[in-house]
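To keep things clear, I will list the structure first and then write my remarks on it.
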Amino acid sequence: MKPHFELNKVTSKLPKHLHKFIVNQPYNEYTPQNHSVWRYVMRMNVDYLTKVAHKSYIKGLALTGISTEEIPRMDGMNRILKEIGWAAVSVDGFIPPNAFMEFQAYNVLVIASDMRTLNHIEYTPAPDIIHEAAGHAPIIANPEYAEYLRRFGEIGSKAISSAKDFEIYEAIRMLSILKEHPNSSEKEIEHAQKTVEYLQENMGELSEMAQIRNLHWWTVEYGLIGTVENPKIYGAGLLSSIGESEWCMQDKVTKLPYSIAAANLNFDITQPQPQLFVTPDFAYLSLVLEEFANTMAIRTGGLKGVHKIIDSKNLGTIELSTGIQISGIFTNVIQYKNNKVAYFQTTGPTALSSRNKELIGHGIAQHPTGFGSPIGKLKGINLHIEDMSPRDLKAYGIYEGEFIDLEFESGVKVQGKAITGTRDLKGKILLISLTDCTVRYQDQILFQPSWGIYDMAIGKEVVSAYAGSADNSSFEDVSRVSEVKTQKIKYTAKEEELYEMYAKVREMRTSGAIDPNKLKIIFEFLKKEHPLDWLLPLEIYEIAIVQGGDFSDEVYHYLRKLQEQSSFQKLIENGLQLIKVKN
């Protein structure tokens, strides 16, 4: 089936389960005011960030095809991003962290298609195209950072979540949507805020996903680089916020040397950050990432790793020492001395793989209700099954067509008739299939003959445990798409009329065909019908000052009067200073 989005050299490699998060960029829904908000933020950012951002940022804007004049089109960005081996896709607001990071692992930036409103021009709690396109995209033009981002996605997508992680994701998504929508009530926002606060305070022990999400926040989103005394900005959340990019440089914001300790420091997405971390260079980010990855179940495996997957209540994979991978929802583990895994069990559709490729005949159709197997050494035999040669296997009675009676050191007993064995390319045995099989542990029946053929996975131990499936094609629906959608703003006739004025002023500025009389009519309309709109008068002044005369003075004094509205004061002042510098 043809995907609903444009494929290119990079996006064609995305696994199908990620396709469902991609939406078409609603470019025609951006209002002329949206474009003006983009232009204001970008011009302010470029002016200020040339002084405080990492040197890669300004270069990256040009390399990634991002203009300060209008909201970028995704297809235009992709034509340029492909030159550095990346791509961008449009998504609906926040997507689950595992999916977000998996996109990164494939060198794909996910860009929230929404655009912040004028009321949230300095900062929005919801991801928007300014944050994603103007924050994330320029820095990936730096090869060292781009590799960190890709590697982060690769490792982060395997991080195991807790059952509460999806709850907090949904709660933050809802809060960000309500805060950005102009018609949300204070009661709705307050309720959503309290829900987020309650969940954050009652998360319990942080999961791997919660920890790596923290690392992502303190680097990719809110990272500083250089020295603690003289840091530069590279985090997308700071690069895309004209408020926080200035705020973060103040002494009141604590600057800490970046380390793995950041993994345990939570954040509040709705508030300016009280402290930030400074990395000496981009290469150091990768060192800390590897340090954290060494603590993850994907590298440590064992009983603890299996428990993490069980607690997550989500699709996960364990890999045994032979290389066989079992993917499903794990529900039980039997342990014995020294915290070793004796037996593991999944419930529901399960797939078996080797080297991330599903074993033929061992997909979810073959194992629709679950899978369980003992692992470890056989009792009284020093040689592990996986280390036995065909001659050894025959000597110990493990041979096709023979009735076998195996007892593991853990006490698990397997009795049945061996049908066949499955080996990898190197000849290592991965599975032994039995018929008329009974599997017992003490007084528990773990498998009985009436259930059909029993496939026993072979391995000394669990060497790895991680989120998701070993083979991405084994399960169609790996990540859930939130049922809570971003809310499209419905504009009144009066607002639509205002946006027409924005469009007319924009046309004059871009074409150079300035009509002083039309400009004055628009200005009078604004004063009468939209006395709190400050951005369009600023754009009118930008044109009028070139013409000179009494009209530009009139607009200037009007803007100064508008500054008496405290919430507009700094925004107007910054805009006036930018126009002054330009002229």
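Letters A, B, ... go to the chains of the structure tokens in the order shown; residues in each chain start at 1; ligands are counted from 1 in the same order.
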### Task
Give the helix (DSSP H, G or I) residues of stretch 102-135 of chain A, as DSSP finds them on the backbone, and put them as number ranges by chain.
A: 102-105, 118-120, 129-135
Expected file: the selected residues, N, CA, C and O atoms, as a CSV table (one decimal), in the first residue's frame:
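Listing of selection01.csv after writing:
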chain,number,residue,atom,x,y,z
A,102,GLU,N,12.8,6.6,17.8
A,102,GLU,CA,13.1,5.7,16.7
A,102,GLU,C,13.2,6.5,15.3
A,102,GLU,O,14.0,6.1,14.5
A,103,PHE,N,12.4,7.5,15.2
A,103,PHE,CA,12.5,8.4,14.0
A,103,PHE,C,13.9,8.9,13.9
A,103,PHE,O,14.6,8.9,12.8
A,104,GLN,N,14.5,9.4,15.0
A,104,GLN,CA,15.8,9.9,15.1
A,104,GLN,C,16.8,8.9,14.7
A,104,GLN,O,17.8,9.2,14.0
A,105,ALA,N,16.6,7.7,15.1
A,105,ALA,CA,17.6,6.6,14.8
A,105,ALA,C,17.7,6.4,13.3
A,105,ALA,O,18.7,5.9,12.7
A,118,LEU,N,0.0,34.1,18.5
A,118,LEU,CA,0.6,35.4,18.9
A,118,LEU,C,0.7,35.5,20.4
A,118,LEU,O,1.7,36.1,20.9
A,119,ASN,N,-0.3,35.0,21.1
A,119,ASN,CA,-0.3,35.0,22.6
A,119,ASN,C,0.9,34.3,23.2
A,119,ASN,O,1.2,34.5,24.4
A,120,HIS,N,1.4,33.3,22.5
A,120,HIS,CA,2.5,32.5,23.0
A,120,HIS,C,3.8,32.7,22.1
A,120,HIS,O,4.5,31.7,21.9
A,129,ILE,N,6.2,24.2,14.9
A,129,ILE,CA,7.1,24.2,13.8
A,129,ILE,C,8.3,25.1,14.0
A,129,ILE,O,9.4,24.9,13.5
A,130,ILE,N,8.1,26.1,14.8
A,130,ILE,CA,9.3,27.0,15.2
A,130,ILE,C,10.3,26.2,16.0
A,130,ILE,O,11.5,26.2,15.7
A,131,HIS,N,9.8,25.5,17.0
A,131,HIS,CA,10.6,24.7,17.9
A,131,HIS,C,11.3,23.6,17.1
A,131,HIS,O,12.5,23.4,17.2
A,132,GLU,N,10.6,22.9,16.2
A,132,GLU,CA,11.2,21.7,15.6
A,132,GLU,C,12.1,22.2,14.4
A,132,GLU,O,13.2,21.7,14.3
A,133,ALA,N,11.5,23.0,13.5
A,133,ALA,CA,12.3,23.3,12.3
A,133,ALA,C,13.4,24.3,12.5
A,133,ALA,O,14.5,24.1,12.1
A,134,ALA,N,13.1,25.4,13.3
A,134,ALA,CA,14.1,26.4,13.6
A,134,ALA,C,15.0,26.0,14.8
A,134,ALA,O,16.1,26.6,14.9
A,135,GLY,N,14.6,25.1,15.6
A,135,GLY,CA,15.4,24.7,16.8
A,135,GLY,C,16.3,23.5,16.5
A,135,GLY,O,17.5,23.5,16.6
### Query
Any idea what's packed within 8 Å of A:Gln273, counting only C-alpha atoms, ignoring anything in its chain fewer than 3 positions away? Could you give it as a PyMOL selection string?
chain A and resi 248+253+267-268+276
### Message
Just want the 12 Å neighbourhood of A:Ile419, counted on only C-alpha atoms, with same-chain residues fewer than 4 positions away dropped. Output as a list in words.
### Response
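Here the qualifying residues turn out to be Ile398, Tyr399, Glu400, Gly401, Glu402, Phe403, Ile404, Leu431, Ile432, Ser433, Leu434, Thr435, Asp436, Cys437, Ile453, Tyr454, Asp455 and Met456 of chain A.
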Give me the residues of stretch 87-160 of chain A that have any atom at most 12 Å from an atom of stretch 226-239 of chain A; for each, the nearest atom pair and the distance in Å, rounded to one decimal. Use only C-alpha atoms, sort by chain and number, and format it as CSV.
residue,atom,partner,partner_atom,distance
A:Ile111,CA,A:Ala236,CA,11.9
A:Glu122,CA,A:Leu238,CA,10.6
A:Tyr123,CA,A:Gly237,CA,8.9
A:Thr124,CA,A:Gly237,CA,9.6
A:Pro125,CA,A:Gly237,CA,9.8
A:Ala126,CA,A:Gly237,CA,10.8
A:Pro127,CA,A:Gly237,CA,9.2
A:Asp128,CA,A:Gly237,CA,10.6
A:Ile129,CA,A:Ala236,CA,11.3
A:Ile130,CA,A:Leu239,CA,9.3
A:His131,CA,A:Gly237,CA,6.3
A:Glu132,CA,A:Ala236,CA,7.2
A:Ala133,CA,A:Ala236,CA,9.0
A:Ala134,CA,A:Leu239,CA,7.4
A:Gly135,CA,A:Ala236,CA,4.0
A:His136,CA,A:Ala236,CA,5.0
A:Ala137,CA,A:Ala236,CA,8.5
A:Pro138,CA,A:Ala236,CA,9.2
A:Ile139,CA,A:Tyr234,CA,7.0
A:Ile140,CA,A:Tyr234,CA,10.1
A:Ala141,CA,A:Tyr234,CA,11.9
A:Asn142,CA,A:Tyr234,CA,10.8
A:Tyr145,CA,A:Tyr234,CA,9.7
A:Leu149,CA,A:Gly235,CA,11.6
### Task
Write out as JSON, numbers by chain the residues lying within 7 Å of A:Ala171, counting only C-alpha atoms and excluding same-chain residues fewer than 3 positions away.
{"A": [167, 168, 174, 175, 192, 195, 196]}
Could you dump the residues just selected with C-alpha atoms as a short mmCIF file (atom, residue, chain, number, x, y, z; two decimals), in the first residue's frame?
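Full text of out36.cif as output:
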data_model
loop_
_atom_site.label_atom_id
_atom_site.label_comp_id
_atom_site.auth_asym_id
_atom_site.auth_seq_id
_atom_site.Cartn_x
_atom_site.Cartn_y
_atom_site.Cartn_z
CA GLU A 167 0.12 8.24 31.39
CA ILE A 168 2.51 11.15 31.88
CA MET A 174 -3.18 17.30 26.87
CA LEU A 175 -1.77 20.17 28.96
CA ALA A 192 -4.65 19.35 33.31
CA THR A 195 -2.93 15.94 36.63
CA VAL A 196 0.62 16.40 35.30
#
